[in-house]
Amino acid sequence: MSAADSHHQAPHRTIEAVWRIESARVIATLTRLTRDIGLAEDLAQEALLAGLDQWPRTGIPENPGAWLTATAKRRAIDLFRRNALAGRKHEDLARDLATLEQSVPDLNSTLDDPIGDDLLRLVFISCHPILSTESRAALTLRLLGGLTTTEIARAFLTPEPTIAQRIVRAKRTLAEKHIPFEVPRRPDLAARLSSVLEVIYLIFNEGYSATAGNDLIRPTLCEDALRLGRILAELTPREPEVHGLVALMEIQASRTRARIGPTGEPILLLDQNRAHWDQLLIRRGLAAIDRAYKIDTTRGHYLLQAEIAACHARAHTPEATDWTRIVSLYTELANLTPSPVIELNRAVAISMASGPQVALHLVEALATDPSLDRYHLLPSVRADLLHKLGRHPEAKIQFELAASLTQNTRERALLLTRAASCQTQPG
């Protein structure tokens, strides 16, 4: 790349970074004013194009978010006026124009407010339960994460047209069903907040343990989920489960550098170099747990998982891990939200606290659950327990079965390596 090309691209890269930071608040403000999330995004994109055209010549304004919003509002006013000429009711036009025009002078103060109702409304509408889980995740990354359709498709290893269709259908559904742009009132808040947390955690998990592809982790997805979680914690400071989810993600993310070897191979938790764990993220996670308890001492789904993660984070060596407490926490979690996956994780903890034979009985019982038929971690856990018990031929079969079920090439390679190691050991 020539020096001239590099110089030309520098402002564009800066503008892209500005868009990633500011787009959610711009779209949120426009959605409140236009009452149409699709139109709001279109207007924001048009404003971005105007910025891409103008800012390389004039420089990026001091408050780029305010500039983008003001530009988009002017385009909205022009659009509403054109619609009036096409037969829109005069009183509707008058109301919309008045709302838009009166709000322009307050742009700076509105955008400088770190806790904006508009942004919280955008979180709730993007994660509305009327949409499929996949559509919620795609729309949230698009509107709140500022990701392009191409970036979302790459992150989820999904064809770009599929992601584009999900986003288009999601916006159309929200418009057709006249979903209000509002923060839900109690008692609806708990159910709706649960949907928001589910989407953010789904995004984080896909980044933390990629279900398919050549990479074990996709750090940018983890970072996007963490950013969304931190924003939500600021917007809903009195919701303990929000702090629980943030704590869980912070502590899990603290292990990122230690989870991958020099050639990209996965390193299991007990084999990780704990000196590589990010102590700042751990401290932030533990602080988020404390914040949750100051609001309510009752432990919810995410706070319990955060406490389990904290048990590992507090142990300086694998041997120092409080497995008895982890078993107790998993038992509490299983009682709160019964799930065969939770029971499988509980069995792993029991194997560490009470030995592999006790845990194997529990895992064998789970093998009859049809929901785990294609879940590669079931035979993987089974194989590990059989290996510890010296039943190597059986362990080899289970490692190979787990390898055949995973779609992640890094994980498959590790499982096949462990299967091969069983051949060199006596049965």
# chains A, B, ... in the order shown; residues from 1 in each chain; ligands from 1
call {"tool": "select_by_dssp", "arguments": {"residues": "region 137-172 of chain A", "states": "alpha helix (DSSP H)", "output": "count of residues only"}}
result
28
call {"tool": "residues_around", "arguments": {"residues": "Leu39 (chain A)", "least_positions_apart": "5", "cutoff": "10 Å", "atoms": "only C-alpha atoms", "output": "list in words"}}
result
Ile27, Leu30, Thr31, Thr34, Ala44, Gln45, Ala76 and Lys171 of chain A
call {"tool": "residues_around", "arguments": {"residues": "Leu416 (chain A)", "least_positions_apart": "6", "cutoff": "9 Å", "atoms": "only C-alpha atoms", "output": "list in words"}}
result
Lys396, Phe399, Glu400, Ala402 and Ala403 of chain A
call {"tool": "write_last_selection", "arguments": {"atoms": "C-alpha atoms", "output": "PDB file, in the first residue's frame"}}
result
ATOM      1  CA  LYS A 396     -10.676 -43.917  23.174  1.00  0.00           C
ATOM      2  CA  PHE A 399     -13.006 -39.340  22.627  1.00  0.00           C
ATOM      3  CA  GLU A 400     -13.488 -40.332  18.971  1.00  0.00           C
ATOM      4  CA  ALA A 402     -16.858 -36.502  20.794  1.00  0.00           C
ATOM      5  CA  ALA A 403     -14.482 -35.552  17.951  1.00  0.00           C
TER       6      ALA A 403
END
call {"tool": "residues_around", "arguments": {"residues": "Ser380 (chain A)", "least_positions_apart": "5", "cutoff": "12 Å", "atoms": "only C-alpha atoms", "output": "PyMOL selection string"}}
result
chain A and resi 344-345+348+360+363+367+372+374-375+385-387+394-406+411-412+414-416+418-419
call {"tool": "closest_residue", "arguments": {"among": "A:Leu389, A:Leu270, A:Leu228, A:Ala365", "to": "Ala258 (chain A)", "atoms": "only C-alpha atoms"}}
result
A:Leu270
call {"tool": "residues_around", "arguments": {"residues": "Glu319 (chain A)", "least_positions_apart": "4", "cutoff": "10 Å", "atoms": "only C-alpha atoms", "output": "ChimeraX atom specification"}}
result
/A:270,315,323,352
call {"tool": "write_last_selection", "arguments": {"atoms": "all heavy atoms", "output": "mmCIF file, in the first residue's frame"}}
result
data_model
loop_
_atom_site.group_PDB
_atom_site.id
_atom_site.type_symbol
_atom_site.label_atom_id
_atom_site.label_comp_id
_atom_site.auth_asym_id
_atom_site.auth_seq_id
_atom_site.Cartn_x
_atom_site.Cartn_y
_atom_site.Cartn_z
ATOM 1 N N LEU A 270 -7.481 -26.772 33.742
ATOM 2 C CA LEU A 270 -6.531 -27.195 34.774
ATOM 3 C C LEU A 270 -5.092 -27.190 34.285
ATOM 4 O O LEU A 270 -4.159 -27.288 35.087
ATOM 5 C CB LEU A 270 -6.910 -28.590 35.292
ATOM 6 C CG LEU A 270 -8.275 -28.686 35.983
ATOM 7 C CD1 LEU A 270 -8.521 -30.082 36.514
ATOM 8 C CD2 LEU A 270 -8.403 -27.658 37.116
ATOM 9 N N ALA A 315 -8.406 -19.273 42.878
ATOM 10 C CA ALA A 315 -7.425 -20.344 43.131
ATOM 11 C C ALA A 315 -6.155 -20.075 42.332
ATOM 12 O O ALA A 315 -6.181 -20.039 41.109
ATOM 13 C CB ALA A 315 -8.035 -21.689 42.742
ATOM 14 N N TRP A 323 -13.471 -27.295 45.120
ATOM 15 C CA TRP A 323 -14.425 -28.083 44.334
ATOM 16 C C TRP A 323 -15.702 -28.389 45.112
ATOM 17 O O TRP A 323 -16.783 -28.517 44.522
ATOM 18 C CB TRP A 323 -13.760 -29.377 43.859
ATOM 19 C CG TRP A 323 -12.744 -29.136 42.793
ATOM 20 C CD1 TRP A 323 -11.383 -29.187 42.909
ATOM 21 C CD2 TRP A 323 -13.004 -28.757 41.430
ATOM 22 N NE1 TRP A 323 -10.783 -28.870 41.719
ATOM 23 C CE2 TRP A 323 -11.748 -28.608 40.785
ATOM 24 C CE3 TRP A 323 -14.175 -28.534 40.696
ATOM 25 C CZ2 TRP A 323 -11.632 -28.248 39.451
ATOM 26 C CZ3 TRP A 323 -14.064 -28.172 39.363
ATOM 27 C CH2 TRP A 323 -12.811 -28.037 38.745
ATOM 28 N N MET A 352 -13.999 -34.075 40.546
ATOM 29 C CA MET A 352 -12.840 -33.433 41.151
ATOM 30 C C MET A 352 -12.918 -33.463 42.679
ATOM 31 O O MET A 352 -11.890 -33.525 43.362
ATOM 32 C CB MET A 352 -12.719 -31.992 40.663
ATOM 33 C CG MET A 352 -12.559 -31.839 39.162
ATOM 34 S SD MET A 352 -11.110 -32.697 38.495
ATOM 35 C CE MET A 352 -9.780 -31.780 39.275
#
call {"tool": "closest_residue", "arguments": {"among": "A:Val196, A:Ile15, A:Ala66, A:Leu122", "to": "Ala40 (chain A)", "atoms": "only C-alpha atoms"}}
result
A:Leu122
call {"tool": "atom_distance", "arguments": {"atom1": "CA of Tyr293 (chain A)", "atom2": "CA of Pro240 (chain A)"}}
result
7.1 Å
call {"tool": "decode", "arguments": {"residues": "region 214-235 of chain A", "atoms": "N, CA, C and O atoms", "output": "tab-separated table (two decimals), in the first residue's frame"}}
result
chain	number	residue	atom	x	y	z
A	214	ASN	N	-12.36	-22.74	12.46
A	214	ASN	CA	-10.96	-23.07	12.72
A	214	ASN	C	-10.40	-22.41	13.97
A	214	ASN	O	-9.27	-22.71	14.36
A	215	ASP	N	-11.14	-21.50	14.59
A	215	ASP	CA	-10.65	-20.79	15.78
A	215	ASP	C	-11.45	-21.22	17.00
A	215	ASP	O	-12.68	-21.34	16.94
A	216	LEU	N	-10.74	-21.43	18.10
A	216	LEU	CA	-11.42	-21.80	19.34
A	216	LEU	C	-12.20	-20.62	19.90
A	216	LEU	O	-13.30	-20.78	20.42
A	217	ILE	N	-11.60	-19.43	19.81
A	217	ILE	CA	-12.27	-18.24	20.34
A	217	ILE	C	-12.30	-17.15	19.28
A	217	ILE	O	-11.48	-17.13	18.37
A	218	ARG	N	-13.28	-16.24	19.43
A	218	ARG	CA	-13.35	-15.06	18.57
A	218	ARG	C	-13.43	-13.85	19.51
A	218	ARG	O	-14.52	-13.45	19.94
A	219	PRO	N	-12.27	-13.29	19.86
A	219	PRO	CA	-12.21	-12.26	20.91
A	219	PRO	C	-13.11	-11.06	20.65
A	219	PRO	O	-13.64	-10.47	21.59
A	220	THR	N	-13.31	-10.68	19.37
A	220	THR	CA	-14.12	-9.48	19.11
A	220	THR	C	-15.56	-9.68	19.57
A	220	THR	O	-16.19	-8.74	20.07
A	221	LEU	N	-16.09	-10.90	19.41
A	221	LEU	CA	-17.46	-11.16	19.89
A	221	LEU	C	-17.52	-11.06	21.41
A	221	LEU	O	-18.48	-10.51	21.96
A	222	CYS	N	-16.51	-11.60	22.09
A	222	CYS	CA	-16.46	-11.47	23.56
A	222	CYS	C	-16.43	-10.00	23.97
A	222	CYS	O	-17.13	-9.59	24.91
A	223	GLU	N	-15.61	-9.23	23.26
A	223	GLU	CA	-15.50	-7.80	23.58
A	223	GLU	C	-16.82	-7.07	23.34
A	223	GLU	O	-17.22	-6.21	24.15
A	224	ASP	N	-17.51	-7.40	22.24
A	224	ASP	CA	-18.81	-6.77	21.97
A	224	ASP	C	-19.81	-7.10	23.07
A	224	ASP	O	-20.55	-6.23	23.53
A	225	ALA	N	-19.86	-8.38	23.47
A	225	ALA	CA	-20.79	-8.79	24.52
A	225	ALA	C	-20.48	-8.10	25.84
A	225	ALA	O	-21.38	-7.64	26.55
A	226	LEU	N	-19.18	-8.01	26.16
A	226	LEU	CA	-18.79	-7.34	27.40
A	226	LEU	C	-19.18	-5.87	27.38
A	226	LEU	O	-19.67	-5.33	28.38
A	227	ARG	N	-18.97	-5.23	26.24
A	227	ARG	CA	-19.33	-3.81	26.13
A	227	ARG	C	-20.83	-3.63	26.31
A	227	ARG	O	-21.29	-2.73	27.04
A	228	LEU	N	-21.62	-4.51	25.68
A	228	LEU	CA	-23.08	-4.42	25.82
A	228	LEU	C	-23.50	-4.67	27.27
A	228	LEU	O	-24.38	-4.00	27.80
A	229	GLY	N	-22.86	-5.66	27.90
A	229	GLY	CA	-23.18	-5.96	29.30
A	229	GLY	C	-22.86	-4.80	30.22
A	229	GLY	O	-23.64	-4.47	31.13
A	230	ARG	N	-21.71	-4.16	30.00
A	230	ARG	CA	-21.32	-3.02	30.85
A	230	ARG	C	-22.27	-1.84	30.65
A	230	ARG	O	-22.63	-1.15	31.61
A	231	ILE	N	-22.68	-1.61	29.39
A	231	ILE	CA	-23.66	-0.54	29.13
A	231	ILE	C	-24.96	-0.84	29.86
A	231	ILE	O	-25.54	0.04	30.52
A	232	LEU	N	-25.42	-2.09	29.75
A	232	LEU	CA	-26.68	-2.48	30.40
A	232	LEU	C	-26.59	-2.31	31.91
A	232	LEU	O	-27.56	-1.89	32.56
A	233	ALA	N	-25.43	-2.65	32.48
A	233	ALA	CA	-25.26	-2.50	33.93
A	233	ALA	C	-25.34	-1.03	34.35
A	233	ALA	O	-25.86	-0.71	35.43
A	234	GLU	N	-24.85	-0.12	33.50
A	234	GLU	CA	-24.98	1.31	33.80
A	234	GLU	C	-26.43	1.77	33.67
A	234	GLU	O	-26.89	2.62	34.44
A	235	LEU	N	-27.14	1.20	32.69
A	235	LEU	CA	-28.52	1.63	32.44
A	235	LEU	C	-29.50	1.03	33.43
A	235	LEU	O	-30.57	1.60	33.66
